[in-house]
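Shown here: run-v3.cif, mmCIF, C-alpha atoms.
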data_coords
loop_
_atom_site.label_atom_id
_atom_site.label_comp_id
_atom_site.auth_asym_id
_atom_site.auth_seq_id
_atom_site.Cartn_x
_atom_site.Cartn_y
_atom_site.Cartn_z
CA MET A 1 59.55 -12.93 29.69
CA THR A 2 59.55 -10.69 26.67
CA ASN A 3 57.98 -7.23 26.49
CA SER A 4 56.62 -7.99 23.04
CA THR A 5 53.79 -10.20 21.85
CA LYS A 6 53.33 -11.30 18.25
CA TYR A 7 49.87 -12.07 16.94
CA CYS A 8 47.86 -12.73 13.81
CA ILE A 9 44.16 -12.84 13.15
CA ILE A 10 42.29 -15.69 11.46
CA TYR A 11 39.55 -14.58 9.07
CA ALA A 12 36.75 -16.42 7.33
CA VAL A 13 36.50 -15.09 3.79
CA LEU A 14 32.81 -14.55 3.07
CA SER A 15 33.10 -13.14 -0.44
CA GLN A 16 36.13 -13.06 -2.67
CA GLU A 17 34.52 -10.54 -4.99
CA THR A 18 33.87 -7.92 -2.30
CA SER A 19 36.71 -8.92 0.07
CA GLU A 20 34.22 -9.43 2.90
CA ARG A 21 35.66 -11.36 5.80
CA LEU A 22 34.88 -12.09 9.42
CA ASN A 23 37.58 -12.19 12.09
CA VAL A 24 36.99 -15.47 13.90
CA GLY A 25 40.17 -16.31 15.81
CA ILE A 26 43.53 -15.14 17.03
CA LEU A 27 46.99 -16.59 17.54
CA ALA A 28 49.36 -14.83 19.92
CA PHE A 29 52.83 -16.04 20.73
CA ALA A 30 56.20 -15.28 22.28
CA ASP A 31 59.12 -17.30 23.63
CA GLY A 32 57.76 -20.64 22.42
CA GLN A 33 54.35 -20.11 24.03
CA VAL A 34 51.20 -19.99 21.92
CA PHE A 35 47.73 -18.68 22.73
CA TYR A 36 44.92 -19.64 20.37
CA GLN A 37 41.25 -18.83 20.69
CA TYR A 38 38.34 -18.60 18.29
CA SER A 39 34.87 -17.17 18.78
CA GLN A 40 32.15 -19.80 19.05
CA ARG A 41 29.62 -16.99 18.60
CA LYS A 42 31.15 -16.02 15.26
CA LEU A 43 31.43 -19.66 14.22
CA ASN A 44 27.70 -19.99 14.89
CA ALA A 45 27.09 -16.93 12.69
CA LEU A 46 29.12 -18.52 9.88
CA GLU A 47 26.81 -21.51 9.98
CA GLN A 48 23.94 -19.20 9.01
CA LEU A 49 25.92 -17.38 6.30
CA LEU A 50 27.71 -20.18 4.46
CA PRO A 51 26.86 -23.36 2.62
CA LYS A 52 27.28 -26.47 4.79
CA ALA A 53 30.50 -27.64 3.12
CA ALA A 54 32.20 -24.26 3.61
CA PHE A 55 30.98 -24.05 7.21
CA ASP A 56 32.23 -27.57 7.94
CA PHE A 57 35.64 -26.56 6.57
CA TYR A 58 35.85 -23.56 8.94
CA LYS A 59 34.59 -25.50 11.91
CA ASP A 60 37.12 -28.30 11.38
CA MET A 61 39.97 -25.87 10.73
CA LEU A 62 39.26 -23.82 13.86
CA LYS A 63 38.68 -26.77 16.16
CA ASN A 64 41.69 -28.73 14.93
CA MET A 65 44.36 -26.02 14.70
CA ASP A 66 47.75 -27.73 15.02
CA LEU A 67 49.55 -25.57 17.58
CA GLU A 68 52.43 -28.00 18.08
CA ASN A 69 53.69 -27.50 14.53
CA LEU A 70 53.04 -23.78 14.41
CA SER A 71 55.92 -21.57 13.33
CA VAL A 72 56.40 -18.05 12.02
CA SER A 73 57.35 -19.43 8.59
CA ARG A 74 54.21 -21.59 8.48
CA LEU A 75 52.04 -18.59 9.38
CA ASP A 76 53.75 -16.51 6.70
CA TYR A 77 53.05 -19.29 4.21
CA LEU A 78 49.38 -19.45 5.23
CA ASN A 79 49.16 -15.66 4.98
CA ARG A 80 50.41 -15.71 1.39
CA TYR A 81 48.78 -18.88 0.11
CA SER A 82 45.36 -19.14 1.68
CA ASN A 83 42.77 -21.10 -0.28
CA ASN A 84 40.33 -18.17 -0.58
CA LEU A 85 38.17 -19.69 2.14
CA PHE A 86 40.18 -18.43 5.08
CA ALA A 87 42.91 -15.89 5.56
CA ILE A 88 45.53 -15.24 8.20
CA SER A 89 46.78 -11.71 8.71
CA GLU A 90 50.43 -10.88 8.59
CA ILE A 91 52.18 -11.28 11.91
CA LYS A 92 52.04 -8.11 13.96
CA ASP A 93 53.95 -7.10 17.04
CA VAL A 94 52.45 -5.31 20.03
CA GLN A 95 54.67 -3.83 22.73
CA MET A 96 52.93 -5.61 25.58
CA PRO A 97 54.33 -8.49 27.63
CA TYR A 98 53.12 -11.93 26.62
CA ASN A 99 50.82 -12.99 29.44
CA GLU A 100 47.19 -13.92 30.07
CA ALA A 101 46.07 -10.29 30.39
CA THR A 102 47.61 -9.40 27.02
CA THR A 103 46.11 -12.37 25.20
CA LYS A 104 42.67 -11.67 26.67
CA TRP A 105 42.99 -8.01 25.66
CA LEU A 106 43.94 -8.96 22.08
CA TYR A 107 41.03 -11.42 21.84
CA SER A 108 38.43 -9.01 23.22
CA ASN A 109 39.62 -6.08 21.08
CA TYR A 110 40.16 -7.89 17.78
CA ILE A 111 37.91 -10.96 17.80
CA ASP A 112 34.96 -10.91 20.15
CA SER A 113 34.28 -8.59 23.05
CA VAL A 114 31.49 -10.88 24.25
CA ALA A 115 33.18 -13.72 26.11
#
In structure tokens, write the structure found in this file.
Amino acid sequence: MTNSTKYCIIYAVLSQETSERLNVGILAFADGQVFYQYSQRKLNALEQLLPKAAFDFYKDMLKNMDLENLSVSRLDYLNRYSNNLFAISEIKDVQMPYNEATTKWLYSNYIDSVA
């Protein structure tokens, strides 16, 4: 087990002009293990804020995240070349062991404190 956990945040871009975005999900990983969770509460809020086509895009993207083919290089690519509808933060490192407690802490502090 490593004493470090890498993570990145998934954002829904609400307005390109004002750089408004909503953090909707998180990916955390270490040693070939991946934790992924998104906020259904925030997804429900997006449905009220966005046109149907944009909302359907987010919903499908979040519900169908391909974790088997996830890699650091793919996340870096998505971070640089998002399609202005969603964004993924750069990969960050937190000096906490990768375990269930750490992933729950990351989710509740960065995505949604209401579980």
When you draw a straight line from CA of Tyr7 in chain A to CA of Ser89 in chain A, how long is it in Å?
-> 8.8 Å
With only C-alpha atoms as the atoms that count, which of A:Ala87, A:Val34, A:Leu50, A:Val94 lies nearest to Asp66 in chain A?
-> A:Val34
Residues selected by the PyMOL selection byres ((chain A and resi 26) around 7), written as a ChimeraX atom specification = /A:8-10,25,27-28,36-38,107
Expansion of the PyMOL selection byres ((chain A and resi 22) around 10) into residues, as a PyMOL selection string | chain A and resi 10-14+20-21+23-25+42-43+45-46+86-87+111
For the selection you just gave me, I'd like the residues written to a file as a tab-separated table (two decimals), in the coordinates of the input, keeping C-alpha atoms.
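Final output, part32.tsv:
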chain	number	residue	atom	x	y	z
A	10	ILE	CA	42.29	-15.69	11.46
A	11	TYR	CA	39.55	-14.58	9.07
A	12	ALA	CA	36.75	-16.42	7.33
A	13	VAL	CA	36.50	-15.09	3.79
A	14	LEU	CA	32.81	-14.55	3.07
A	20	GLU	CA	34.22	-9.43	2.90
A	21	ARG	CA	35.66	-11.36	5.80
A	23	ASN	CA	37.58	-12.19	12.09
A	24	VAL	CA	36.99	-15.47	13.90
A	25	GLY	CA	40.17	-16.31	15.81
A	42	LYS	CA	31.15	-16.02	15.26
A	43	LEU	CA	31.43	-19.66	14.22
A	45	ALA	CA	27.09	-16.93	12.69
A	46	LEU	CA	29.12	-18.52	9.88
A	86	PHE	CA	40.18	-18.43	5.08
A	87	ALA	CA	42.91	-15.89	5.56
A	111	ILE	CA	37.91	-10.96	17.80
A straight line from CA of Phe29 in chain A to CA of Asn44 in chain A spans 26.1 Å
Out of A:Asn79, A:Gln48, A:Ser39, A:Ser71, which residue has the shortest atom-to-atom distance to Tyr110 in chain A when counting all atoms listed in the file?
-> A:Ser39
Ref. answer, residues at most 7 Å from (53.0, -10.6, 13.5) with all atoms listed in the file, as a PyMOL selection string = chain A and resi 6-8+90-93
Using C-alpha atoms, can you write the selected residues to a file as a tab-separated table (two decimals), in the coordinates of the input?
chain	number	residue	atom	x	y	z
A	6	LYS	CA	53.33	-11.30	18.25
A	7	TYR	CA	49.87	-12.07	16.94
A	8	CYS	CA	47.86	-12.73	13.81
A	90	GLU	CA	50.43	-10.88	8.59
A	91	ILE	CA	52.18	-11.28	11.91
A	92	LYS	CA	52.04	-8.11	13.96
A	93	ASP	CA	53.95	-7.10	17.04
May I have the residues within 10 Å of Gln33 in chain A as a short mmCIF file (atom, residue, chain, number, x, y, z; two decimals) with C-alpha atoms, in the frame of the given file, using all atoms listed in the file and disregarding those fewer than 5 positions away in the same chain?
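Contents of part-v7.cif, as written:
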data_model
loop_
_atom_site.label_atom_id
_atom_site.label_comp_id
_atom_site.auth_asym_id
_atom_site.auth_seq_id
_atom_site.Cartn_x
_atom_site.Cartn_y
_atom_site.Cartn_z
CA ALA A 28 49.36 -14.83 19.92
CA LEU A 67 49.55 -25.57 17.58
CA TYR A 98 53.12 -11.93 26.62
CA ASN A 99 50.82 -12.99 29.44
#
Ground truth for the PyMOL selection byres ((chain A and resi 95) around 7), written as a PyMOL selection string | chain A and resi 3-5+93-94+96-97
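One finds CA of Ser108 in chain A at 21.0 Å from CA of Met61 in chain A.
Among A:Arg80, A:Asn109, A:Gln40, A:Asp31, the residue with the shortest atom-to-atom distance to Leu62 in chain A, counting only C-alpha atoms, is A:Gln40.
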Around range 81-98 of chain A, fit a box with edges along x, y and z, padding it by 8 Å on each side, then list its centre and edge lengths in Å to one decimal as JSON.
{"center_x": 46.4, "center_y": -12.5, "center_z": 13.5, "size_x": 32.5, "size_y": 33.3, "size_z": 44.2}
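Proximity of A:Phe35, A:Asp76, A:Ile88, A:Ser15 to Ala54 in chain A, computed with all atoms listed in the file, is greatest for A:Ser15.
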As a PDB file, keeping the file's coordinate frame, could you write out range 21-37 of chain A once it has been completed with N, CA, C and O atoms?
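Saved file out.pdb follows:
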ATOM      1  N   ARG A  21      35.117 -10.319   4.943  1.00  0.00           N
ATOM      2  CA  ARG A  21      35.660 -11.360   5.800  1.00  0.00           C
ATOM      3  C   ARG A  21      35.250 -11.097   7.237  1.00  0.00           C
ATOM      4  O   ARG A  21      34.909  -9.980   7.613  1.00  0.00           O
ATOM      5  N   LEU A  22      35.283 -12.155   8.021  1.00  0.00           N
ATOM      6  CA  LEU A  22      34.880 -12.090   9.420  1.00  0.00           C
ATOM      7  C   LEU A  22      36.049 -12.591  10.262  1.00  0.00           C
ATOM      8  O   LEU A  22      36.553 -13.694  10.037  1.00  0.00           O
ATOM      9  N   ASN A  23      36.487 -11.766  11.210  1.00  0.00           N
ATOM     10  CA  ASN A  23      37.580 -12.190  12.090  1.00  0.00           C
ATOM     11  C   ASN A  23      37.020 -13.189  13.101  1.00  0.00           C
ATOM     12  O   ASN A  23      36.129 -12.880  13.871  1.00  0.00           O
ATOM     13  N   VAL A  24      37.556 -14.410  13.080  1.00  0.00           N
ATOM     14  CA  VAL A  24      36.990 -15.470  13.900  1.00  0.00           C
ATOM     15  C   VAL A  24      37.942 -16.009  14.966  1.00  0.00           C
ATOM     16  O   VAL A  24      37.497 -16.653  15.914  1.00  0.00           O
ATOM     17  N   GLY A  25      39.234 -15.756  14.833  1.00  0.00           N
ATOM     18  CA  GLY A  25      40.170 -16.310  15.810  1.00  0.00           C
ATOM     19  C   GLY A  25      41.460 -15.518  15.853  1.00  0.00           C
ATOM     20  O   GLY A  25      41.721 -14.665  15.007  1.00  0.00           O
ATOM     21  N   ILE A  26      42.259 -15.821  16.860  1.00  0.00           N
ATOM     22  CA  ILE A  26      43.530 -15.140  17.030  1.00  0.00           C
ATOM     23  C   ILE A  26      44.592 -16.121  17.523  1.00  0.00           C
ATOM     24  O   ILE A  26      44.297 -17.053  18.267  1.00  0.00           O
ATOM     25  N   LEU A  27      45.803 -15.897  17.049  1.00  0.00           N
ATOM     26  CA  LEU A  27      46.990 -16.590  17.540  1.00  0.00           C
ATOM     27  C   LEU A  27      47.916 -15.537  18.100  1.00  0.00           C
ATOM     28  O   LEU A  27      48.203 -14.542  17.430  1.00  0.00           O
ATOM     29  N   ALA A  28      48.378 -15.733  19.313  1.00  0.00           N
ATOM     30  CA  ALA A  28      49.360 -14.830  19.920  1.00  0.00           C
ATOM     31  C   ALA A  28      50.498 -15.706  20.433  1.00  0.00           C
ATOM     32  O   ALA A  28      50.259 -16.812  20.922  1.00  0.00           O
ATOM     33  N   PHE A  29      51.711 -15.202  20.329  1.00  0.00           N
ATOM     34  CA  PHE A  29      52.830 -16.040  20.730  1.00  0.00           C
ATOM     35  C   PHE A  29      54.058 -15.209  21.092  1.00  0.00           C
ATOM     36  O   PHE A  29      54.212 -14.072  20.667  1.00  0.00           O
ATOM     37  N   ALA A  30      54.910 -15.838  21.889  1.00  0.00           N
ATOM     38  CA  ALA A  30      56.200 -15.280  22.280  1.00  0.00           C
ATOM     39  C   ALA A  30      56.960 -16.353  23.055  1.00  0.00           C
ATOM     40  O   ALA A  30      56.361 -17.141  23.789  1.00  0.00           O
ATOM     41  N   ASP A  31      58.258 -16.395  22.865  1.00  0.00           N
ATOM     42  CA  ASP A  31      59.120 -17.300  23.630  1.00  0.00           C
ATOM     43  C   ASP A  31      58.632 -18.748  23.647  1.00  0.00           C
ATOM     44  O   ASP A  31      58.620 -19.405  24.694  1.00  0.00           O
ATOM     45  N   GLY A  32      58.182 -19.250  22.510  1.00  0.00           N
ATOM     46  CA  GLY A  32      57.760 -20.640  22.420  1.00  0.00           C
ATOM     47  C   GLY A  32      56.385 -20.929  23.010  1.00  0.00           C
ATOM     48  O   GLY A  32      55.945 -22.070  23.025  1.00  0.00           O
ATOM     49  N   GLN A  33      55.695 -19.931  23.504  1.00  0.00           N
ATOM     50  CA  GLN A  33      54.350 -20.110  24.030  1.00  0.00           C
ATOM     51  C   GLN A  33      53.350 -19.640  22.986  1.00  0.00           C
ATOM     52  O   GLN A  33      53.602 -18.673  22.277  1.00  0.00           O
ATOM     53  N   VAL A  34      52.218 -20.336  22.909  1.00  0.00           N
ATOM     54  CA  VAL A  34      51.200 -19.990  21.920  1.00  0.00           C
ATOM     55  C   VAL A  34      49.842 -19.908  22.611  1.00  0.00           C
ATOM     56  O   VAL A  34      49.462 -20.789  23.377  1.00  0.00           O
ATOM     57  N   PHE A  35      49.110 -18.847  22.299  1.00  0.00           N
ATOM     58  CA  PHE A  35      47.730 -18.680  22.730  1.00  0.00           C
ATOM     59  C   PHE A  35      46.880 -18.744  21.474  1.00  0.00           C
ATOM     60  O   PHE A  35      47.178 -18.079  20.483  1.00  0.00           O
ATOM     61  N   TYR A  36      45.825 -19.530  21.513  1.00  0.00           N
ATOM     62  CA  TYR A  36      44.920 -19.640  20.370  1.00  0.00           C
ATOM     63  C   TYR A  36      43.493 -19.651  20.903  1.00  0.00           C
ATOM     64  O   TYR A  36      43.181 -20.371  21.846  1.00  0.00           O
ATOM     65  N   GLN A  37      42.657 -18.827  20.310  1.00  0.00           N
ATOM     66  CA  GLN A  37      41.250 -18.830  20.690  1.00  0.00           C
ATOM     67  C   GLN A  37      40.424 -18.393  19.489  1.00  0.00           C
ATOM     68  O   GLN A  37      40.822 -17.505  18.739  1.00  0.00           O
TER      69      GLN A  37
END
